[in-house]
Amino acid sequence: MFALRSTFVGLRWVHFAPAILIALLLSLSAGAQEDLKRTQVSAAAADALETLRHEILAASILPSLTVRDLVDRTRGQDELNQTLRGAEQIGGTRWLDDQTCQVRLELAGGAVAKTLTRLAHDHPEKLGVPVAAVDQRLATWDERTFSATGTSTGSRDIERLRPPASDRAWQAVPDKARRAAIASARDDAIRRVIDSLRPIQFDTDKKLDDALRVPEVGDAVRGWLGSRPVRSIEFLDDLTVRLTLAAPPEDLFAELRSALERKHEAPAPAGTAGWDRLREQVLARAAAPVGTAVAQANDAMIAKPAVVLPANPPSWANKQLDAEGVARGGKSPLLVGNKARAVALENLRTQINSLPLTRGTTVGEAAKRDRRIEDAVDRVLGRAAPYSVDYRSDGTVKVRMAVSLSDLWAELTAR
């Protein structure tokens, strides 16, 4: 009876094993996905908190005293950090897509003011301003609210991130080069963190560098860093990508310790005190997980000037143009004056367009071939202002305007 039952159970396991295995894998996968989402939300919250910190530190208390000044002079960074932990999330987590989320935090100004007031009263001699003046200004902060939004995106397919379509500098960067720069920036962030850990000394005669050279340890830490969400990414005008990973030092130490304990052959601290000392050093010395890389632009995609400007300024470059605009009719003198101004601007544009620019080509003709010349003319005219406005008794308004052609030449050559 027992043998038959055992055989039955064994056959039943063989029969259902694939289904159980698939269900188990799906469960583990779902759990892993939830862990990743929680990590992303935490990263977005950390980004919001850091933005909130900068906003508060930049706030002015008095004309000669910012929050940063007060905190630095009183060494109140820990107290401010404790206050920041009281920031509350407003609304739920906003998922922009399956890889990107946003978190919004708010902190009451009264809570910040309470901390700053306490610091001011504890260290009045360090303020450089009367405590009473600080009290008076901070008393109004009860009606103030500090807020910030943080964003993070998952490590998977971060190469899809791109600058705004309106960013002209990046229009000359092919997608392949953009993706390569993002990946290189992430690798640079990982390298910076790893390199900052290498000099750390164990309580033995070994360094952390010795442990990180063990493939199972070094690869585990690098892999963990590479799987972290991206807290922020910047596409700078010089085609530099600056990327920040969400890798808090406390979490980094936990992953490092786990890797060291799994690989018994790797150098490791001795005893609880040794691990505590290693933790302190990692938290103090781990570099910020920020990496940079420069994207390679496609020279063929960089806009070339359709018109080559002369090397020397034309003879008109040190002169001034003057134009008049007249308008009449209408119940509002202001509206009539605006019409007269528009006429004067158009007359100025006509004169500018007729100026010779290159051999056989006027400014107006060059502007039709090169959009940047047209933009330069628009900028100059946009700064023009009437120097004379005459409101006549018959309802006519006469406006006179002028532009400096040296200003125009400066705009043209600044391209």
# chains A, B, ... in the order shown; residues from 1 in each chain; ligands from 1
>>> residues_around(residues="Val403 (chain A)", least_positions_apart="4", cutoff="9 Å", atoms="only C-alpha atoms", output="PyMOL selection string")
chain A and resi 319-323+348+380-381+383-385+407-408
>>> residues_around(residues="region 182-186 of chain A", least_positions_apart="4", cutoff="8 Å", atoms="only C-alpha atoms", output="list in words")
Ile158, Glu159, Arg178, Ile190, Gly226, Val241, Arg242, Leu243, Thr244, Leu245, Val290, Gly291, Thr292 and Ala293 of chain A
>>> atom_distance(atom1="CA of Arg179 (chain A)", atom2="CA of Val230 (chain A)")
14.3 Å
>>> residues_around(residues="Ala327 (chain A)", least_positions_apart="2", cutoff="12 Å", atoms="only C-alpha atoms", output="list in words")
Glu324, Gly325, Gly329, Gly330, Ser332, Pro333, Leu334, Leu335, Val336, Gly337, Asn338, Lys339, Ala340, Arg341, Ala342, Val343, Ala344, Val389, Asp390, Tyr391, Arg392, Asp394, Gly395, Thr396, Val397, Lys398, Val399 and Arg400 of chain A
>>> write_last_selection(atoms="N, CA and C atoms", output="mmCIF file, in the first residue's frame")
data_model
loop_
_atom_site.group_PDB
_atom_site.id
_atom_site.type_symbol
_atom_site.label_atom_id
_atom_site.label_comp_id
_atom_site.auth_asym_id
_atom_site.auth_seq_id
_atom_site.Cartn_x
_atom_site.Cartn_y
_atom_site.Cartn_z
ATOM 1 N N GLU A 324 10.140 105.709 -40.295
ATOM 2 C CA GLU A 324 8.931 106.342 -39.764
ATOM 3 C C GLU A 324 7.721 105.487 -40.105
ATOM 4 N N GLY A 325 6.788 105.450 -39.193
ATOM 5 C CA GLY A 325 5.528 104.767 -39.434
ATOM 6 C C GLY A 325 4.367 105.656 -39.057
ATOM 7 N N GLY A 329 -6.988 106.666 -37.837
ATOM 8 C CA GLY A 329 -8.280 105.993 -37.692
ATOM 9 C C GLY A 329 -8.277 105.086 -36.474
ATOM 10 N N GLY A 330 -9.480 104.790 -35.987
ATOM 11 C CA GLY A 330 -9.601 103.932 -34.823
ATOM 12 C C GLY A 330 -9.927 104.723 -33.583
ATOM 13 N N SER A 332 -9.078 103.942 -30.440
ATOM 14 C CA SER A 332 -8.061 103.890 -29.388
ATOM 15 C C SER A 332 -6.732 104.421 -29.921
ATOM 16 N N PRO A 333 -6.224 105.512 -29.355
ATOM 17 C CA PRO A 333 -4.909 106.019 -29.768
ATOM 18 C C PRO A 333 -3.800 104.982 -29.579
ATOM 19 N N LEU A 334 -3.964 104.132 -28.535
ATOM 20 C CA LEU A 334 -2.954 103.110 -28.287
ATOM 21 C C LEU A 334 -2.875 102.107 -29.428
ATOM 22 N N LEU A 335 -4.059 101.666 -29.915
ATOM 23 C CA LEU A 335 -4.077 100.717 -31.020
ATOM 24 C C LEU A 335 -3.524 101.355 -32.289
ATOM 25 N N VAL A 336 -3.871 102.628 -32.516
ATOM 26 C CA VAL A 336 -3.337 103.325 -33.689
ATOM 27 C C VAL A 336 -1.824 103.449 -33.577
ATOM 28 N N GLY A 337 -1.345 103.742 -32.365
ATOM 29 C CA GLY A 337 0.093 103.824 -32.156
ATOM 30 C C GLY A 337 0.791 102.502 -32.438
ATOM 31 N N ASN A 338 0.159 101.388 -32.060
ATOM 32 C CA ASN A 338 0.724 100.063 -32.343
ATOM 33 C C ASN A 338 0.809 99.810 -33.852
ATOM 34 N N LYS A 339 -0.216 100.259 -34.577
ATOM 35 C CA LYS A 339 -0.191 100.108 -36.034
ATOM 36 C C LYS A 339 0.945 100.927 -36.641
ATOM 37 N N ALA A 340 1.122 102.158 -36.144
ATOM 38 C CA ALA A 340 2.202 103.002 -36.652
ATOM 39 C C ALA A 340 3.562 102.372 -36.350
ATOM 40 N N ARG A 341 3.706 101.771 -35.189
ATOM 41 C CA ARG A 341 4.959 101.098 -34.832
ATOM 42 C C ARG A 341 5.232 99.932 -35.768
ATOM 43 N N ALA A 342 4.177 99.171 -36.098
ATOM 44 C CA ALA A 342 4.343 98.041 -37.012
ATOM 45 C C ALA A 342 4.783 98.520 -38.396
ATOM 46 N N VAL A 343 4.237 99.665 -38.838
ATOM 47 C CA VAL A 343 4.631 100.217 -40.132
ATOM 48 C C VAL A 343 6.099 100.636 -40.109
ATOM 49 N N ALA A 344 6.524 101.264 -39.008
ATOM 50 C CA ALA A 344 7.919 101.689 -38.886
ATOM 51 C C ALA A 344 8.862 100.486 -38.891
ATOM 52 N N VAL A 389 7.120 109.373 -30.553
ATOM 53 C CA VAL A 389 5.720 109.040 -30.834
ATOM 54 C C VAL A 389 4.929 110.345 -30.791
ATOM 55 N N ASP A 390 4.252 110.653 -31.899
ATOM 56 C CA ASP A 390 3.520 111.916 -32.025
ATOM 57 C C ASP A 390 2.034 111.625 -32.222
ATOM 58 N N TYR A 391 1.239 111.888 -31.168
ATOM 59 C CA TYR A 391 -0.213 111.724 -31.262
ATOM 60 C C TYR A 391 -0.811 113.059 -31.718
ATOM 61 N N ARG A 392 -1.314 113.097 -32.946
ATOM 62 C CA ARG A 392 -1.819 114.347 -33.503
ATOM 63 C C ARG A 392 -3.313 114.509 -33.240
ATOM 64 N N ASP A 394 -5.714 115.124 -35.220
ATOM 65 C CA ASP A 394 -6.622 114.514 -36.193
ATOM 66 C C ASP A 394 -6.701 112.996 -36.046
ATOM 67 N N GLY A 395 -6.112 112.439 -34.982
ATOM 68 C CA GLY A 395 -6.147 110.996 -34.752
ATOM 69 C C GLY A 395 -5.001 110.247 -35.379
ATOM 70 N N THR A 396 -4.149 110.940 -36.082
ATOM 71 C CA THR A 396 -2.985 110.305 -36.694
ATOM 72 C C THR A 396 -1.869 110.143 -35.657
ATOM 73 N N VAL A 397 -1.178 109.010 -35.755
ATOM 74 C CA VAL A 397 -0.022 108.768 -34.875
ATOM 75 C C VAL A 397 1.199 108.529 -35.745
ATOM 76 N N LYS A 398 2.274 109.248 -35.443
ATOM 77 C CA LYS A 398 3.531 109.065 -36.165
ATOM 78 C C LYS A 398 4.570 108.513 -35.198
ATOM 79 N N VAL A 399 5.220 107.429 -35.594
ATOM 80 C CA VAL A 399 6.239 106.772 -34.770
ATOM 81 C C VAL A 399 7.551 106.750 -35.528
ATOM 82 N N ARG A 400 8.628 107.088 -34.860
ATOM 83 C CA ARG A 400 9.962 107.006 -35.445
ATOM 84 C C ARG A 400 10.791 105.992 -34.646
#
>>> residues_around(residues="region 120-126 of chain A", least_positions_apart="5", cutoff="8 Å", atoms="only C-alpha atoms", output="ChimeraX atom specification")
/A:70,73-74,131,134
>>> write_last_selection(atoms="C-alpha atoms", output="PDB file, in the first residue's frame")
ATOM      1  CA  LEU A  70      22.061  79.641   8.263  1.00  0.00           C
ATOM      2  CA  ARG A  73      26.963  78.626   9.927  1.00  0.00           C
ATOM      3  CA  THR A  74      25.161  76.647  12.621  1.00  0.00           C
ATOM      4  CA  VAL A 131      18.012  86.716  15.763  1.00  0.00           C
ATOM      5  CA  VAL A 134      15.278  85.934  11.528  1.00  0.00           C
TER       6      VAL A 134
END
>>> select_by_dssp(residues="region 117-239 of chain A", states="helix (DSSP H, G or I)", output="number ranges by chain")
A: 117-122, 124-126, 131-143, 158-160, 169-172, 175-197, 208-212, 215-226
>>> residues_around(residues="Ala220 (chain A)", least_positions_apart="4", cutoff="10 Å", atoms="only C-alpha atoms", output="MDAnalysis selection string")
chainID A and resid 212 214:216 224:226 255:256 258:260
>>> write_last_selection(atoms="C-alpha atoms", output="mmCIF file, in the first residue's frame")
data_model
loop_
_atom_site.group_PDB
_atom_site.id
_atom_site.type_symbol
_atom_site.label_atom_id
_atom_site.label_comp_id
_atom_site.auth_asym_id
_atom_site.auth_seq_id
_atom_site.Cartn_x
_atom_site.Cartn_y
_atom_site.Cartn_z
ATOM 1 C CA LEU A 212 36.647 43.236 -5.732
ATOM 2 C CA VAL A 214 37.578 38.239 -7.212
ATOM 3 C CA PRO A 215 35.254 37.899 -10.247
ATOM 4 C CA GLU A 216 32.261 36.631 -8.272
ATOM 5 C CA TRP A 224 23.825 45.324 -8.937
ATOM 6 C CA LEU A 225 24.864 48.879 -9.795
ATOM 7 C CA GLY A 226 23.990 48.295 -13.434
ATOM 8 C CA GLU A 255 24.930 44.053 -1.715
ATOM 9 C CA LEU A 256 28.695 44.105 -1.112
ATOM 10 C CA SER A 258 26.100 39.619 0.504
ATOM 11 C CA ALA A 259 28.652 39.074 -2.284
ATOM 12 C CA LEU A 260 31.524 38.712 0.187
#
>>> select_by_dssp(residues="region 70-285 of chain A", states="strand (DSSP E or B)", output="PyMOL selection string")
chain A and resi 88-89+94-95+100-108+145-153+201+207+230-235+240-245
>>> write_last_selection(atoms="C-alpha atoms", output="short mmCIF file (atom, residue, chain, number, x, y, z; two decimals), in the first residue's frame")
data_model
loop_
_atom_site.label_atom_id
_atom_site.label_comp_id
_atom_site.auth_asym_id
_atom_site.auth_seq_id
_atom_site.Cartn_x
_atom_site.Cartn_y
_atom_site.Cartn_z
CA GLU A 88 4.82 63.86 2.47
CA GLN A 89 4.01 62.34 -0.88
CA ARG A 94 2.61 58.63 -11.45
CA TRP A 95 3.83 56.16 -14.09
CA THR A 100 9.37 55.78 -15.78
CA CYS A 101 7.66 57.05 -12.64
CA GLN A 102 7.28 60.36 -10.83
CA VAL A 103 6.77 61.14 -7.15
CA ARG A 104 5.78 64.54 -5.76
CA LEU A 105 6.74 65.54 -2.23
CA GLU A 106 5.62 68.50 -0.15
CA LEU A 107 6.91 69.92 3.11
CA ALA A 108 5.17 72.60 5.15
CA THR A 145 4.85 75.15 1.17
CA PHE A 146 7.93 73.62 -0.42
CA SER A 147 7.35 71.00 -3.12
CA ALA A 148 9.38 69.01 -5.62
CA THR A 149 8.84 66.25 -8.16
CA GLY A 150 11.30 63.40 -8.58
CA THR A 151 11.65 61.05 -11.52
CA SER A 152 13.30 57.70 -12.08
CA THR A 153 13.40 55.23 -14.91
CA GLN A 201 41.12 48.79 4.29
CA LYS A 207 41.98 45.99 1.07
CA VAL A 230 18.26 55.94 -13.30
CA ARG A 231 17.45 58.81 -10.97
CA SER A 232 18.24 61.56 -13.43
CA ILE A 233 19.75 62.09 -16.85
CA GLU A 234 20.87 65.35 -18.43
CA PHE A 235 21.61 66.03 -22.09
CA THR A 240 27.65 65.44 -22.70
CA VAL A 241 25.31 62.95 -21.05
CA ARG A 242 25.27 63.14 -17.24
CA LEU A 243 23.51 60.18 -15.62
CA THR A 244 22.79 59.49 -11.95
CA LEU A 245 21.93 56.02 -10.67
#
>>> residues_around(residues="Leu355 (chain A)", least_positions_apart="3", cutoff="8 Å", atoms="only C-alpha atoms", output="ChimeraX atom specification")
/A:316,351-352,362-364
>>> write_last_selection(atoms="C-alpha atoms", output="JSON list (two decimals), in the first residue's frame")
[["chain", "number", "residue", "atom", "x", "y", "z"],
["A", 316, "TRP", "CA", 27.24, 99.96, -43.34],
["A", 351, "GLN", "CA", 15.92, 98.97, -45.49],
["A", 352, "ILE", "CA", 17.84, 96.14, -43.80],
["A", 362, "THR", "CA", 21.61, 91.57, -50.19],
["A", 363, "VAL", "CA", 20.70, 90.76, -46.60],
["A", 364, "GLY", "CA", 17.13, 90.01, -47.69]]
>>> closest_residue(among="A:Leu49, A:Ala268, A:Phe253, A:Lys263", to="Gly86 (chain A)", atoms="only C-alpha atoms")
A:Leu49
>>> decode(residues="region 372-399 of chain A", atoms="N, CA and C atoms", output="tab-separated table (two decimals), in the first residue's frame")
chain	number	residue	atom	x	y	z
A	372	ARG	N	19.18	81.35	-40.43
A	372	ARG	CA	19.84	82.00	-39.30
A	372	ARG	C	20.05	83.50	-39.54
A	373	ILE	N	20.20	83.88	-40.81
A	373	ILE	CA	20.29	85.31	-41.11
A	373	ILE	C	18.93	85.97	-40.87
A	374	GLU	N	17.88	85.30	-41.28
A	374	GLU	CA	16.53	85.82	-41.03
A	374	GLU	C	16.28	85.95	-39.54
A	375	ASP	N	16.71	84.96	-38.75
A	375	ASP	CA	16.53	85.01	-37.30
A	375	ASP	C	17.31	86.19	-36.69
A	376	ALA	N	18.52	86.45	-37.22
A	376	ALA	CA	19.32	87.56	-36.71
A	376	ALA	C	18.62	88.89	-36.94
A	377	VAL	N	18.03	89.06	-38.12
A	377	VAL	CA	17.29	90.29	-38.43
A	377	VAL	C	16.10	90.42	-37.49
A	378	ASP	N	15.40	89.31	-37.26
A	378	ASP	CA	14.23	89.33	-36.37
A	378	ASP	C	14.62	89.74	-34.96
A	379	ARG	N	15.75	89.25	-34.48
A	379	ARG	CA	16.17	89.59	-33.12
A	379	ARG	C	16.48	91.08	-32.99
A	380	VAL	N	17.15	91.62	-33.99
A	380	VAL	CA	17.49	93.05	-33.95
A	380	VAL	C	16.22	93.90	-33.97
A	381	LEU	N	15.29	93.56	-34.87
A	381	LEU	CA	14.04	94.33	-34.95
A	381	LEU	C	13.21	94.14	-33.69
A	382	GLY	N	13.31	92.97	-33.08
A	382	GLY	CA	12.56	92.72	-31.86
A	382	GLY	C	13.00	93.59	-30.70
A	383	ARG	N	14.24	94.06	-30.74
A	383	ARG	CA	14.75	94.92	-29.67
A	383	ARG	C	14.54	96.40	-29.97
A	384	ALA	N	14.11	96.72	-31.18
A	384	ALA	CA	13.93	98.12	-31.56
A	384	ALA	C	12.77	98.74	-30.78
A	385	ALA	N	12.95	99.98	-30.38
A	385	ALA	CA	11.91	100.69	-29.62
A	385	ALA	C	11.75	102.09	-30.20
A	386	PRO	N	10.54	102.62	-30.19
A	386	PRO	CA	10.31	103.97	-30.71
A	386	PRO	C	11.08	105.01	-29.90
A	387	TYR	N	11.69	105.95	-30.60
A	387	TYR	CA	12.32	107.05	-29.88
A	387	TYR	C	11.48	108.33	-30.00
A	388	SER	N	10.41	108.25	-30.83
A	388	SER	CA	9.52	109.41	-30.95
A	388	SER	C	8.13	108.92	-31.31
A	389	VAL	N	7.12	109.37	-30.55
A	389	VAL	CA	5.72	109.04	-30.83
A	389	VAL	C	4.93	110.34	-30.79
A	390	ASP	N	4.25	110.65	-31.90
A	390	ASP	CA	3.52	111.92	-32.03
A	390	ASP	C	2.03	111.62	-32.22
A	391	TYR	N	1.24	111.89	-31.17
A	391	TYR	CA	-0.21	111.72	-31.26
A	391	TYR	C	-0.81	113.06	-31.72
A	392	ARG	N	-1.31	113.10	-32.95
A	392	ARG	CA	-1.82	114.35	-33.50
A	392	ARG	C	-3.31	114.51	-33.24
A	393	SER	N	-3.76	115.76	-33.35
A	393	SER	CA	-5.17	116.08	-33.04
A	393	SER	C	-6.15	115.46	-34.02
A	394	ASP	N	-5.71	115.12	-35.22
A	394	ASP	CA	-6.62	114.51	-36.19
A	394	ASP	C	-6.70	113.00	-36.05
A	395	GLY	N	-6.11	112.44	-34.98
A	395	GLY	CA	-6.15	111.00	-34.75
A	395	GLY	C	-5.00	110.25	-35.38
A	396	THR	N	-4.15	110.94	-36.08
A	396	THR	CA	-2.99	110.30	-36.69
A	396	THR	C	-1.87	110.14	-35.66
A	397	VAL	N	-1.18	109.01	-35.76
A	397	VAL	CA	-0.02	108.77	-34.87
A	397	VAL	C	1.20	108.53	-35.74
A	398	LYS	N	2.27	109.25	-35.44
A	398	LYS	CA	3.53	109.07	-36.17
A	398	LYS	C	4.57	108.51	-35.20
A	399	VAL	N	5.22	107.43	-35.59
A	399	VAL	CA	6.24	106.77	-34.77
A	399	VAL	C	7.55	106.75	-35.53
